[in-house]
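Shown below: coords.txt, with compact mmCIF, C-alpha atoms.
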```
# COMPACT_ATOMS: atom_id res chain seq x y z
CA MET A 1 -59.31 93.19 -21.62
CA ILE A 2 -59.79 93.28 -25.40
CA ALA A 3 -62.53 90.63 -25.12
CA VAL A 4 -64.39 92.80 -22.60
CA GLN A 5 -64.08 95.81 -24.90
CA ARG A 6 -65.49 93.81 -27.81
CA LEU A 7 -68.38 92.53 -25.70
CA LEU A 8 -69.19 96.11 -24.64
CA LEU A 9 -69.06 97.22 -28.29
CA VAL A 10 -71.53 94.48 -29.22
CA ALA A 11 -73.80 95.60 -26.37
CA VAL A 12 -73.69 99.21 -27.65
CA PHE A 13 -74.79 98.09 -31.13
CA CYS A 14 -77.61 96.08 -29.56
CA ALA A 15 -78.69 98.95 -27.25
CA PRO A 16 -81.46 100.38 -29.50
CA HIS A 17 -83.62 97.43 -28.43
CA LEU A 18 -83.44 98.64 -24.81
CA VAL A 19 -86.06 101.31 -25.50
CA ASN A 20 -88.76 98.74 -26.30
CA ALA A 21 -91.07 98.34 -23.30
CA ALA A 22 -92.09 94.84 -24.32
CA ASP A 23 -88.80 93.21 -25.25
CA ARG A 24 -89.16 89.72 -26.60
CA PHE A 25 -86.63 86.96 -26.27
CA ASP A 26 -88.07 84.21 -28.50
CA HIS A 27 -85.52 84.35 -31.42
CA ARG A 28 -88.39 84.18 -33.97
CA GLY A 29 -87.13 85.55 -37.30
CA ALA A 30 -83.52 85.87 -36.10
CA VAL A 31 -80.22 85.08 -37.76
CA GLY A 32 -77.46 84.57 -35.21
CA LEU A 33 -73.75 84.24 -34.67
CA LEU A 34 -72.40 81.86 -32.00
CA LEU A 35 -68.98 82.35 -30.41
CA GLY A 36 -67.78 80.05 -27.64
CA TYR A 37 -64.84 78.68 -25.73
CA GLY A 38 -64.50 75.56 -23.63
CA MET A 39 -62.96 72.18 -22.95
CA ALA A 40 -63.41 68.83 -24.67
CA PHE A 41 -62.43 65.23 -23.99
CA LYS A 42 -62.13 62.61 -26.71
CA ASP A 43 -61.12 58.97 -27.01
CA ARG A 44 -60.53 57.15 -30.31
CA VAL A 45 -60.34 53.39 -30.74
CA ILE A 46 -58.46 52.17 -33.82
CA SER A 47 -57.93 48.44 -34.41
CA GLY A 48 -58.64 47.70 -30.76
CA HIS A 49 -56.12 50.25 -29.47
CA LEU A 50 -57.26 53.22 -27.41
CA ILE A 51 -55.81 56.55 -28.51
CA GLU A 52 -56.66 59.05 -25.81
CA GLN A 53 -56.82 62.78 -26.46
CA SER A 54 -57.95 63.47 -22.93
CA SER A 55 -57.91 67.26 -22.72
CA LEU A 56 -58.55 69.69 -25.53
CA VAL A 57 -58.98 73.45 -25.33
CA ALA A 58 -61.83 74.26 -27.70
CA GLY A 59 -63.12 77.23 -29.65
CA MET A 60 -66.44 77.41 -31.49
CA LEU A 61 -67.79 79.63 -34.27
CA GLY A 62 -71.22 79.10 -35.75
CA GLY A 63 -74.36 80.48 -37.23
CA THR A 64 -78.05 80.03 -36.46
CA TYR A 65 -81.22 80.53 -38.48
CA ALA A 66 -84.55 80.62 -36.63
CA ILE A 67 -87.33 78.45 -38.04
CA GLY A 68 -90.98 78.22 -37.11
CA THR A 69 -92.89 80.40 -34.68
CA ASP A 70 -91.20 79.22 -31.46
CA GLY A 71 -87.73 80.57 -32.24
CA ASN A 72 -86.07 77.16 -32.59
CA GLU A 73 -83.03 77.23 -34.84
CA LEU A 74 -81.05 75.41 -37.46
CA LYS A 75 -77.35 75.76 -36.69
CA LEU A 76 -73.93 75.11 -38.15
CA LEU A 77 -70.79 75.03 -35.99
CA ALA A 78 -67.09 74.87 -36.71
CA GLN A 79 -64.96 73.77 -33.77
CA GLY A 80 -61.21 73.94 -33.36
CA PHE A 81 -59.37 72.04 -30.63
CA ARG A 82 -55.86 72.47 -29.30
CA ILE A 83 -54.66 69.15 -27.93
CA VAL A 84 -52.83 69.50 -24.63
CA GLY A 85 -49.31 68.29 -25.35
CA GLY A 86 -49.37 69.47 -28.98
CA GLY A 87 -51.42 69.27 -32.12
CA SER A 88 -54.89 70.35 -33.14
CA ALA A 89 -58.19 68.86 -34.24
CA TRP A 90 -61.18 70.18 -36.21
CA ALA A 91 -64.87 69.29 -36.33
CA VAL A 92 -68.04 70.55 -38.00
CA SER A 93 -71.55 70.07 -36.59
CA GLY A 94 -74.92 70.90 -38.08
CA GLY A 95 -78.40 70.37 -36.75
CA TYR A 96 -81.30 71.68 -34.74
CA ARG A 97 -81.50 73.66 -31.49
CA SER A 98 -84.83 73.54 -29.67
CA TYR A 99 -85.50 76.12 -26.95
CA PHE A 100 -87.78 75.57 -23.97
CA GLY A 101 -89.36 78.84 -22.88
CA GLN A 102 -89.54 82.33 -24.32
CA GLU A 103 -88.35 84.22 -21.24
CA GLN A 104 -84.93 85.74 -20.60
CA ILE A 105 -83.65 82.45 -19.16
CA LYS A 106 -84.33 79.36 -21.24
CA THR A 107 -82.96 75.86 -21.69
CA PHE A 108 -82.19 74.16 -24.98
CA ILE A 109 -81.32 70.85 -26.54
CA ASP A 110 -79.05 70.36 -29.57
CA LEU A 111 -79.55 67.47 -32.00
CA ASP A 112 -76.69 67.45 -34.49
CA ALA A 113 -74.67 65.44 -36.96
CA ARG A 114 -70.95 65.87 -36.29
CA ALA A 115 -67.97 65.26 -38.54
CA ASP A 116 -64.45 65.15 -37.11
CA ILE A 117 -62.41 66.28 -40.10
CA ALA A 118 -58.84 66.49 -38.80
CA PRO A 119 -56.51 64.88 -37.88
CA THR A 120 -58.70 61.87 -38.79
CA PHE A 121 -62.27 61.50 -40.06
CA ALA A 122 -65.30 60.31 -38.10
CA LEU A 123 -69.04 60.93 -38.53
CA GLY A 124 -71.84 60.50 -36.02
CA PRO A 125 -74.49 62.06 -33.78
CA ARG A 126 -73.98 64.85 -31.24
CA LEU A 127 -76.42 65.57 -28.41
CA GLY A 128 -76.17 68.69 -26.26
CA PHE A 129 -78.01 70.44 -23.44
CA GLY A 130 -77.67 74.01 -22.24
CA VAL A 131 -79.07 77.16 -20.71
CA GLN A 132 -79.16 80.62 -22.24
CA PHE A 133 -79.62 84.00 -20.55
CA GLU A 134 -80.78 86.81 -22.83
CA LEU A 135 -79.07 90.09 -21.92
CA LEU A 136 -80.92 91.84 -24.76
CA PRO A 137 -83.26 90.68 -27.53
CA THR A 138 -80.13 90.63 -29.73
CA LEU A 139 -77.54 89.25 -27.28
CA GLY A 140 -77.52 86.09 -25.16
CA LEU A 141 -75.00 84.25 -22.98
CA PHE A 142 -75.06 80.45 -22.99
CA ALA A 143 -73.44 77.46 -21.33
CA ALA A 144 -73.77 73.96 -22.74
CA VAL A 145 -72.51 70.40 -22.51
CA ALA A 146 -72.57 67.86 -25.33
CA ALA A 147 -71.55 64.29 -26.08
CA HIS A 148 -70.82 62.69 -29.41
CA ALA A 149 -69.93 59.34 -30.93
CA GLY A 150 -68.78 58.53 -34.41
CA GLY A 151 -67.26 56.07 -36.78
CA GLY A 152 -64.80 56.44 -39.61
CA ASN A 153 -61.10 56.11 -39.01
CA GLY A 154 -61.82 54.19 -35.80
CA LEU A 155 -64.55 54.80 -33.24
CA VAL A 156 -64.74 58.16 -31.47
CA PHE A 157 -66.39 58.99 -28.16
CA GLY A 158 -66.23 62.47 -26.66
CA ALA A 159 -67.76 65.18 -24.53
CA GLU A 160 -67.42 68.94 -24.43
CA ALA A 161 -68.45 71.92 -22.32
CA PHE A 162 -68.78 75.42 -23.79
CA ALA A 163 -69.70 78.91 -22.69
CA GLY A 164 -70.23 81.74 -25.12
CA ILE A 165 -72.41 84.40 -26.66
CA GLN A 166 -75.09 84.46 -29.33
CA ILE A 167 -75.48 87.70 -31.26
CA ARG A 168 -78.73 87.96 -33.22
CA SER A 169 -80.23 90.16 -35.89
CA TYR A 170 -83.93 90.16 -36.74
CA LEU A 171 -83.36 90.88 -40.44
CA LEU A 172 -85.81 88.22 -41.60
CA GLU A 173 -88.80 89.49 -39.72
```

Kindly return the structure encoded in the file as structure tokens.
Amino acid sequence: MIAVQRLLLVAVFCAPHLVNAADRFDHRGAVGLLLGYGMAFKDRVISGHLIEQSSLVAGMLGGTYAIGTDGNELKLLAQGFRIVGGGSAWAVSGGYRSYFGQEQIKTFIDLDARADIAPTFALGPRLGFGVQFELLPTLGLFAAVAAHAGGGNGLVFGAEAFAGIQIRSYLLE
């Protein structure tokens, strides 16, 4: 219930853009905040032994900065994972999000570098795909899947699925 109230409050702050007859949804000049929740699966191989962390509840907090004229973004994400059965894990990802389309519904691809920072370290690429629906020029809902691999304290292979919101401000335009 509190989450719904917060989402409605965000929508109220974004409402002034509703009066524009020609709303645009291209993200050009925007700075954004990403909030998401999902599930993740991860396996780690250390010295030939598989350590499986099969199911993780995941939260995501990040920021975006639009570059260029197409509204594509640089992004930085912090992810926290609660391991089913106890414990937690943390990761940071940074990279590029490329959008396809400038309409209210658009797809995107994420190309990132990811660092697992706790409980053990690993570094490698992360590739994601998703779809975003723009409720307002300043508020979008997204769903995405991603896979990553890394090396460090063993080899890591994982996948994740997230849903969330992106809140944007066009302060730089």

What are the closest atom pairs, with distances in Å to one decimal, for each residue of segment 83-104 of chain A lying within 12 Å of segment 142-165 of chain A, using only C-alpha atoms, rows by chain and rising residue number, as JSON lines?
```
{"residue": "A:Ala91", "atom": "CA", "partner": "A:His148", "partner_atom": "CA", "distance": 11.3}
{"residue": "A:Val92", "atom": "CA", "partner": "A:His148", "partner_atom": "CA", "distance": 12.0}
{"residue": "A:Ser93", "atom": "CA", "partner": "A:His148", "partner_atom": "CA", "distance": 10.3}
{"residue": "A:Arg97", "atom": "CA", "partner": "A:Ala144", "partner_atom": "CA", "distance": 11.7}
{"residue": "A:Tyr99", "atom": "CA", "partner": "A:Phe142", "partner_atom": "CA", "distance": 12.0}
{"residue": "A:Gln104", "atom": "CA", "partner": "A:Phe142", "partner_atom": "CA", "distance": 11.5}
```

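Nearest to Ile109 of chain A of all the residues A:Tyr96, A:Tyr65, A:Phe41, A:Phe133 is A:Tyr96, counting all atoms listed in the file.
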
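With only C-alpha atoms taken into account, the protein and nucleic acid residues at most 10 Å from Gly29 of chain A (excluding it and anything under 2 positions from it in its own chain) are Asp26, His27, Val31, Gly32, Tyr65, Ala66, Ile67, Gly68, Thr69, Asp70, Gly71, Asn72, Glu73, Arg168, Ser169, Tyr170, Leu171, Leu172 and Glu173 of chain A.
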
Which one is closest to Leu56 of chain A: A:Phe100, A:Tyr37, A:Phe25, A:Phe129? Count only C-alpha atoms.
A:Tyr37

Separating atom CA of Ala89 of chain A from atom CA of Ile167 of chain A, to the nearest tenth of an Å, is a gap of 25.7 Å

Would you mind reading off the distance between atom CA of Leu111 of chain A and atom CA of Ser47 of chain A, one decimal, in Å?
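The value is 28.9 Å.
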
For a quick check of understanding, using only C-alpha atoms, which of A:Leu127, A:Ala113, A:Leu139, A:Gly95 has the smallest distance to Thr64 of chain A?
A:Gly95

Nearest-residue call for Lys106 of chain A, choices A:Ile51, A:Val84, A:Leu141, A:Leu76, using only C-alpha atoms
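The closest residue to Lys106 of chain A is A:Leu141.
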
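Distances from A:Leu74, A:Ala115, A:Leu34, A:Ile46 to Ser98 of chain A were compared using all atoms listed in the file, and the smallest one belongs to A:Leu74.
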
Among listed residues A:Arg126, A:Arg114, A:Lys42, A:His49, nearest Ile83 of chain A (using all atoms listed in the file)
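Looking only at the distances to Ile83 of chain A, the closest residue turns out to be A:Lys42.
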
Would you compute the distance between atom CA of Gly59 of chain A and atom CA of Met39 of chain A? Give it in Å to one decimal.
8.4 Å

Please define a box with edges along x, y and z of the file around all atoms of segment 20-35 of chain A given in the file, extend it by 4 Å on each side, and return its centre and edge lengths in Å to one decimal, as lines of an AutoDock Vina configuration file.
```
center_x = -80.5
center_y = 90.3
center_z = -30.5
size_x = 31.1
size_y = 24.9
size_z = 22.5
```

Quick one: residues within 8 Å of Ile105 of chain A, all atoms listed in the file, excluding same-chain residues fewer than 4 positions away - as a list in words?
Gly101, Val131, Gln132, Phe133 and Glu134 of chain A

Residues near Gly87 of chain A, cut-off 12 Å, all atoms listed in the file, skip fewer than 4 positions along chain, as a PyMOL selection string
chain A and resi 53+55-57+80-83+118-119
